[in-house]
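First up is the structure itself, then whatever we jot down about it.
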Amino acid sequence: MSKTMIEVNDVTMRFHMNTDRILSLKEFVTTALRGKLAFQDFTALNHVSFTVKKGETVGLIGHNGAGKSTMLKVISGILEPTKGKVTTHGNIVPMLELGSGFDFDLTGRENIYLNGAILGYSEEFLKAKYDEIVEFSELGDFIEMPIRNYSSGMLARLAFSVAAEVQPEILIVDEILSVGDANFQEKSRKRMMELMSGGTTVLFVSHNLEQIREMCSKVVWLEHGTVQMVGDTKEVCDAYEKS
Amino acid sequence: MQNREYIKTKKLKEMQENPRFLKRVLIGIFAFYCAFVVLFYFLTGDQLIYRESRGEQEMPAATAGTVELYQGSDVTQYFMTGVQRLDSVSVLWGTYYRANAGTVTVELLRTDTGEVLMSGQFAAVDIPEGGTTTIYAQQPIEGLPGVELALHITADSAPGEAVSPLMDAENPSTGGLWLNGEQTTGLLCFSTAGTDYIRAGLHYWQLVSIVGAVLLAVLVFAWNRYQRGRQDILAEAILAVKKYRFLIKQLVSRDFKTKYKRSVLGVFWSFLNPLLTMIVQYFIFSTIFKSDIEYYPAYLLVGIVSFNFFNEACGMGLMSIIGNSGLITKVYMPKYIYPLTRVMSSVVNLAISLIPLIIVSMFTGVHFRKSALLALYFLVCLILFTLGVVLLLSAAMVFFRDVQFLWNVISMIWMYATPLFYPETILPDQFKFVLQINPLYHIIKAERTCILGGVSPDPVVYVQCLLMALAALLIGALVFKKTQNKFVLYL
């Protein structure tokens, strides 16, 4: 019954980076001439393997720089792993940071379509879902206004509504559950729960262990690019807290 | 739960739709090619088969008179011509600055058969000092290259009221100039005009059939590979367009909506902008260049519209990757979508700015012929070329942020290196090479020939422009493809 949705197979991500980011031609030429064009290998992920089954909510925990965000980027296909392979089944929808897929000169309505398109949804699907999205966002008539006039809370609600209302197969959440007022937070938390019980696979990155404990069915603990521990939420969280 | 079902049905639908879509597009491509080939044949007309001959004799500068051409005297110039289809021969006259009388007869003969190819009679009184008379062939005469020809001139005037053909005494003619039966050094002042065959044009249908067959083979091959479930670049590219067309549509409409969102005149600016630039340039440069250039306002507009498109697309496309860094680091989608949509937004703008071009052309008396439609071909070349440059620039911009400042300078130089407001003839010879290596010059010149000249350019220009555009596109796409995986690290 439970199908494998994400399979991370021995993934190594190595960055071959300049020691300092050289962003101008002049800098590049001068440092190259001085022979100081030093490259440094940085291994962000080191032979990481785990699988996520359909309907699971998997939390990714770890200290800063452990490779959580890199892991998410590799899974969503933004970064190509140096070695290893990631196989995903189903569409991946990242819950975008506030406003990153939005255009501030467009109205809320236009932004819903724009954002929906960016997240990979088709036109007819968005048309069918449009009313639900607006309703969930509680924006009412403001939806026809350019979103540069929105308050930050309104923006957050719009962003969350677009990502959550469309019910993706795999949802990637990178610490953005704390948007809006208490009321909306509660509503979005409930919505997340609904999604999870509805069969959406969720990848969840948070430093908030309480949230992880409450929502996740499985936890992957990354440390310095390697998997420290995978398994039951309670076990891993307890071990993590001790460390 | 209806969503889940939706997604399932969506997948099923995709599986059914994709082959159908692919088939439709592949057939569409071939149908488009066939339609284009036929349309091209009718639009280019005679220009496809003939071009102005390269073997024409230019009128030499006159340095002396020949003989006074009265009854009984004759002037004969023997020559060979490189013109494959000879239309006309002109002769330059001197009058001794007096009123003359009588009739002059100009004949062109083949020396081997003595056959008169063309002839004409002119009243001497009508010939002004330094005037020319031209004899025409009823049908273009073929088969002349390699044959010795004689231009034989006689008259029935009385001495003292006869005209004289002029000659260039310093030019030793190869064929020989005979005055009253005596050979003289010098070349008669005459010119020939005609057309040559274009070999590619003569075999047009054979050529397009071969290209068509190759195209068909490629399409069938792609279809077969797709059917057998193998990876095929062409099939994948087409399906990617299907998959992302809604996104592309949204991004283009975003660019377009936000561009003029807070302006009062809105879209009207796309229309007004080239018009105003044209008016300003017209007033500044008209006194300098006007006399040299026909339809100067339309001449300006063709250049402005084309170059503005290029400049705008590149200027904005430059930022298309780093400007969308927020999305690129969060959502997966093919990265070429960003520069592509940027160029497409500019194409919408280009389409709108064609309206003032058409209006101004009509008002300034340009006769639109069917060849004007061929300008669209060159616009497509321009778009492909621009896309290539934008891909290159947007990728370079990620790694070196100086590119935008460098580009400001380059685009300025490029603007002056393209004859937008000046005629190309004012360039000194040692700088002519700048035009030759400038693809925009070739494209804009061809557009002007189509729209203002009313004729199709030489067929070789079509191939030249397409090759330049495809080369730019190929280089841009390769650089972009090679570097795109590293973008995320530098954003």
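All residue names refer to the structure tokens as shown: chains lettered A, B, ... in order, residues numbered from 1 in each chain, ligands numbered from 1 in order.
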
Exercise. Please identify all polymer residues within 9 Å of Leu392 of chain B, counting only C-alpha atoms, omitting same-chain residues fewer than 2 positions from it, and present them as an MDAnalysis selection string.
Key: chainID B and resid 318 387:390 394:397 472:473 475:480

Interface, chain A side, toward chain B (8 Å; only C-alpha atoms) as a PDB file with C-alpha atoms, in the first residue's frame:
ATOM      1  CA  ARG A  21      32.701  34.507  -3.867  1.00  0.00           C
ATOM      2  CA  ILE A  22      34.178  36.306  -6.821  1.00  0.00           C
ATOM      3  CA  LEU A  23      31.443  38.134  -8.611  1.00  0.00           C
ATOM      4  CA  SER A  24      33.321  40.587 -10.756  1.00  0.00           C
ATOM      5  CA  LEU A  25      35.510  40.061 -13.743  1.00  0.00           C
ATOM      6  CA  LYS A  73      17.236  21.479  -2.852  1.00  0.00           C
ATOM      7  CA  SER A  76      13.336  19.214  -5.385  1.00  0.00           C
ATOM      8  CA  GLY A  77      15.770  19.021  -8.284  1.00  0.00           C
ATOM      9  CA  ILE A  78      17.263  22.486  -7.919  1.00  0.00           C
ATOM     10  CA  LEU A  79      20.690  21.083  -7.215  1.00  0.00           C
ATOM     11  CA  GLU A  80      22.155  18.194  -9.083  1.00  0.00           C
ATOM     12  CA  VAL A  93       5.572  21.741  -4.341  1.00  0.00           C
ATOM     13  CA  PRO A  94       7.777  23.874  -2.174  1.00  0.00           C
ATOM     14  CA  LEU A  96       7.627  29.429  -1.027  1.00  0.00           C
ATOM     15  CA  SER A 100       9.302  35.052  -3.638  1.00  0.00           C
ATOM     16  CA  GLY A 101       6.987  33.913  -6.391  1.00  0.00           C
ATOM     17  CA  ASP A 103       4.919  40.112  -8.338  1.00  0.00           C
ATOM     18  CA  ASP A 105       2.440  45.056  -9.111  1.00  0.00           C
ATOM     19  CA  LEU A 106      -0.076  42.356  -9.876  1.00  0.00           C
ATOM     20  CA  TYR A 113      -2.373  32.166 -11.229  1.00  0.00           C
ATOM     21  CA  LEU A 114       1.264  33.200 -11.538  1.00  0.00           C
ATOM     22  CA  ALA A 117       1.880  28.191 -12.687  1.00  0.00           C
ATOM     23  CA  ILE A 118       5.292  28.442 -11.046  1.00  0.00           C
ATOM     24  CA  LEU A 119       4.370  25.586  -8.736  1.00  0.00           C
ATOM     25  CA  GLY A 120       3.504  23.516 -11.778  1.00  0.00           C
ATOM     26  CA  SER A 122      -2.330  23.630 -15.010  1.00  0.00           C
ATOM     27  CA  GLU A 123      -4.718  26.354 -15.975  1.00  0.00           C
ATOM     28  CA  VAL A 166      -3.746  22.830  -4.178  1.00  0.00           C
ATOM     29  CA  GLN A 167      -2.900  19.573  -2.386  1.00  0.00           C
ATOM     30  CA  GLY A 198      -5.090  13.174   3.073  1.00  0.00           C
TER      31      GLY A 198
END

Practice problem: Name the closest residue to Asn149 of chain A among the candidates A:Lys127, A:Gly108, A:Thr82, A:Leu45; distances are taken between atoms, counting only C-alpha atoms. | Solution: A:Gly108

Exercise. Name all residues at most 8 Å from Leu379 of chain B (count only C-alpha atoms; drop same-chain ones fewer than 4 positions away) and give them as number ranges by chain.
Key: B: 306, 375, 383, 443, 447

Self-check item: Residues of segment 157-396 of chain B in helix (DSSP H, G or I), written as a VMD selection string
Solution: chain B and resid 199 to 202 204 to 227 233 to 259 268 to 292 296 to 317 322 to 328 337 to 363 370 to 396

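Atom pair atom CA of Asp112 of chain B / atom CA of Tyr70 of chain B has a distance of 27.2 Å (rounded to one decimal).
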
Could you list, as a tab-separated table (two decimals) with C-alpha atoms, in the first residue's frame, every residue within 9 Å of Val202 of chain A, counting only C-alpha atoms and ignoring same-chain residues fewer than 6 positions away?
chain	number	residue	atom	x	y	z
A	55	GLY	CA	1.65	9.85	3.32
A	56	GLU	CA	4.55	10.15	5.70
A	57	THR	CA	5.52	13.43	7.25
A	58	VAL	CA	9.24	13.45	7.56
A	59	GLY	CA	11.04	16.00	9.66
A	169	GLU	CA	1.75	15.06	-3.72
A	170	ILE	CA	4.96	16.10	-2.03
A	171	LEU	CA	5.04	19.30	-0.04
A	172	ILE	CA	8.28	20.84	1.12
A	173	VAL	CA	8.00	23.11	4.12
A	192	MET	CA	-1.27	20.91	7.29
A	195	LEU	CA	-2.99	17.47	4.04
A	196	MET	CA	-0.96	14.88	5.85
A	216	CYS	CA	6.09	14.21	12.00

Self-check item: Long-range neighbours of segment 85-94 of chain B as a ChimeraX atom specification, 6 Å cut-off, only C-alpha atoms, 3 positions minimum in chain
Solution: /B:129-137,140-142,164-166,189-196

Quiz prompt | One-decimal distance in Å that lies between atom CA of Val52 of chain A and atom CA of Thr88 of chain A | solution =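 So the answer is 9.4 Å.
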
From segment 15-220 of chain A, collect each residue whose DSSP state is strand (DSSP E) and return the set as a compact mmCIF listing (two decimals) with N, CA and C atoms, in the first residue's frame.
# COMPACT_ATOMS: atom_id res chain seq x y z
N PHE A 15 30.59 20.79 -3.14
CA PHE A 15 30.72 22.07 -3.83
C PHE A 15 32.19 22.34 -4.08
N HIS A 16 32.45 22.75 -5.30
CA HIS A 16 33.81 23.13 -5.66
C HIS A 16 33.77 24.64 -5.78
N MET A 17 34.03 25.28 -4.65
CA MET A 17 33.76 26.72 -4.61
C MET A 17 35.04 27.50 -4.43
N ASN A 18 34.98 28.73 -4.95
CA ASN A 18 36.02 29.69 -4.62
C ASN A 18 35.99 29.95 -3.13
N PHE A 39 40.53 27.07 -4.83
CA PHE A 39 39.23 26.43 -4.73
C PHE A 39 39.23 25.54 -3.51
N GLN A 40 38.04 25.41 -2.97
CA GLN A 40 37.95 24.59 -1.78
C GLN A 40 36.82 23.61 -1.97
N ASP A 41 37.05 22.41 -1.66
CA ASP A 41 35.97 21.44 -1.74
C ASP A 41 35.21 21.44 -0.43
N PHE A 42 33.93 21.53 -0.56
CA PHE A 42 33.11 21.52 0.63
C PHE A 42 32.04 20.46 0.45
N THR A 43 32.04 19.50 1.32
CA THR A 43 31.06 18.43 1.18
C THR A 43 29.85 18.74 2.05
N ALA A 44 28.76 19.07 1.39
CA ALA A 44 27.55 19.44 2.13
C ALA A 44 26.76 18.21 2.53
N LEU A 45 26.78 17.21 1.67
CA LEU A 45 26.09 15.96 1.98
C LEU A 45 27.04 14.81 1.69
N ASN A 46 27.08 13.86 2.58
CA ASN A 46 28.06 12.79 2.44
C ASN A 46 27.35 11.44 2.52
N HIS A 47 27.18 10.81 1.37
CA HIS A 47 26.55 9.49 1.31
C HIS A 47 25.26 9.41 2.14
N VAL A 48 24.32 10.25 1.78
CA VAL A 48 23.05 10.27 2.50
C VAL A 48 22.05 9.36 1.80
N SER A 49 21.41 8.50 2.55
CA SER A 49 20.36 7.66 1.98
C SER A 49 19.18 7.59 2.95
N PHE A 50 18.01 7.77 2.44
CA PHE A 50 16.81 7.45 3.20
C PHE A 50 15.64 7.42 2.23
N THR A 51 14.52 6.87 2.65
CA THR A 51 13.35 6.84 1.78
C THR A 51 12.17 7.43 2.52
N VAL A 52 11.26 7.98 1.77
CA VAL A 52 10.04 8.53 2.34
C VAL A 52 8.89 7.83 1.66
N LYS A 53 7.99 7.30 2.47
CA LYS A 53 6.86 6.58 1.90
C LYS A 53 5.67 7.51 1.76
N THR A 57 5.02 12.09 7.03
CA THR A 57 5.52 13.43 7.25
C THR A 57 6.90 13.29 7.86
N VAL A 58 7.88 13.67 7.10
CA VAL A 58 9.24 13.45 7.56
C VAL A 58 9.85 14.77 7.97
N GLY A 59 10.36 14.80 9.19
CA GLY A 59 11.04 16.00 9.66
C GLY A 59 12.52 15.89 9.41
N LEU A 60 13.13 17.00 9.01
CA LEU A 60 14.58 17.04 8.87
C LEU A 60 15.10 17.92 9.99
N ILE A 61 15.93 17.36 10.86
CA ILE A 61 16.49 18.19 11.91
C ILE A 61 18.00 18.14 11.85
N LYS A 83 27.15 12.92 -6.58
CA LYS A 83 27.10 11.46 -6.72
C LYS A 83 25.76 10.99 -6.18
N GLY A 84 25.37 9.82 -6.58
CA GLY A 84 24.13 9.28 -6.04
C GLY A 84 22.93 9.74 -6.83
N LYS A 85 21.75 9.35 -6.35
CA LYS A 85 20.57 9.60 -7.14
C LYS A 85 19.37 9.84 -6.23
N VAL A 86 18.53 10.75 -6.66
CA VAL A 86 17.28 10.97 -5.95
C VAL A 86 16.15 10.64 -6.91
N THR A 87 15.26 9.74 -6.49
CA THR A 87 14.10 9.44 -7.33
C THR A 87 12.86 9.92 -6.61
N THR A 88 12.04 10.67 -7.32
CA THR A 88 10.79 11.13 -6.70
C THR A 88 9.63 10.71 -7.59
N ILE A 92 6.36 17.90 -6.82
CA ILE A 92 6.90 18.47 -5.59
C ILE A 92 6.53 19.94 -5.55
N VAL A 93 5.91 20.33 -4.47
CA VAL A 93 5.57 21.74 -4.34
C VAL A 93 6.27 22.30 -3.12
N PRO A 94 7.16 23.25 -3.32
CA PRO A 94 7.78 23.87 -2.17
C PRO A 94 6.87 24.99 -1.67
N ILE A 170 3.86 15.94 -2.98
CA ILE A 170 4.96 16.10 -2.03
C ILE A 170 5.08 17.58 -1.70
N LEU A 171 4.96 17.90 -0.45
CA LEU A 171 5.04 19.30 -0.04
C LEU A 171 6.32 19.50 0.75
N ILE A 172 7.05 20.54 0.40
CA ILE A 172 8.28 20.84 1.12
C ILE A 172 8.09 22.09 1.94
N VAL A 173 8.25 21.99 3.23
CA VAL A 173 8.00 23.11 4.12
C VAL A 173 9.29 23.46 4.84
N ASP A 174 9.76 24.68 4.62
CA ASP A 174 11.01 25.10 5.24
C ASP A 174 10.72 26.20 6.26
N THR A 201 2.58 13.69 1.04
CA THR A 201 3.86 13.44 1.68
C THR A 201 4.50 14.78 1.99
N VAL A 202 4.93 14.95 3.23
CA VAL A 202 5.46 16.25 3.60
C VAL A 202 6.90 16.10 4.08
N LEU A 203 7.74 16.98 3.57
CA LEU A 203 9.09 17.09 4.08
C LEU A 203 9.15 18.39 4.87
N PHE A 204 9.63 18.29 6.08
CA PHE A 204 9.42 19.38 7.00
C PHE A 204 10.75 19.73 7.66
N VAL A 205 11.20 20.96 7.47
CA VAL A 205 12.44 21.37 8.12
C VAL A 205 12.13 22.38 9.19
N LYS A 218 8.17 10.54 11.16
CA LYS A 218 9.50 10.00 11.00
C LYS A 218 10.46 11.18 10.97
N VAL A 219 11.66 10.99 11.48
CA VAL A 219 12.61 12.11 11.52
C VAL A 219 13.96 11.65 10.99
N VAL A 220 14.56 12.53 10.17
CA VAL A 220 15.92 12.28 9.71
C VAL A 220 16.81 13.35 10.36

Quiz prompt | Close residues, His207 of chain A itself excluded, 12 Å, only C-alpha atoms, min 5 positions apart in chain, as a list of chain:residue names | solution =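 Here the answer would be A:Gly59, A:Leu60, A:Ile61, A:Gly62, A:His63, A:Asn64, A:Ala66, A:Lys68, A:Asp174, A:Glu175, A:Ile176, A:Leu177, A:Ile212, A:Arg213, A:Trp221, A:Cys237, A:Tyr240, A:Glu241.
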
For segment 104-110 of chain B, find every residue with an atom within 8 Å (counting only C-alpha atoms), except residues of its own chain fewer than 2 positions away, and show them as a short mmCIF file (atom, residue, chain, number, x, y, z; two decimals) with C-alpha atoms, in the first residue's frame.
data_model
loop_
_atom_site.label_atom_id
_atom_site.label_comp_id
_atom_site.auth_asym_id
_atom_site.auth_seq_id
_atom_site.Cartn_x
_atom_site.Cartn_y
_atom_site.Cartn_z
CA GLY B 102 19.55 64.41 -87.44
CA ASP B 112 30.14 35.98 -85.10
CA THR B 113 26.71 35.92 -86.75
CA GLY B 114 26.22 39.60 -87.46
CA GLU B 115 22.78 39.37 -85.89
CA VAL B 116 21.42 42.68 -84.52
CA LEU B 117 20.50 42.02 -80.91
CA MET B 118 19.02 45.38 -80.05
CA SER B 119 18.90 48.75 -81.66
CA GLY B 120 17.44 52.21 -81.21
CA GLN B 121 17.23 55.54 -82.98
CA PHE B 122 17.39 58.86 -81.22
CA ALA B 123 16.87 62.41 -82.45
CA ALA B 124 20.12 64.29 -81.89
CA ILE B 135 18.62 50.74 -76.08
CA VAL B 147 30.54 35.90 -77.34
CA GLU B 148 32.15 38.99 -78.83
CA LEU B 149 29.70 41.84 -79.16
CA ALA B 150 29.91 45.04 -81.11
CA LEU B 151 28.24 48.30 -80.17
CA HIS B 152 27.89 50.09 -83.49
CA ILE B 153 26.90 53.77 -83.61
CA THR B 154 26.07 55.72 -86.78
CA ALA B 155 24.19 58.93 -87.62
CA ASP B 156 22.72 60.82 -90.55
CA SER B 157 23.56 64.32 -89.29
#

Exercise. Enter the distance from atom CA of Ala61 of chain B to atom CA of Pro172 of chain B, in Å, rounded to one decimal.
Key: 13.1 Å

Exercise. Determine the nearest neighbour of Phe421 of chain B from the options B:Val366, B:Phe405, B:Leu265, B:Ile284, counting only C-alpha atoms.
Key: B:Ile284
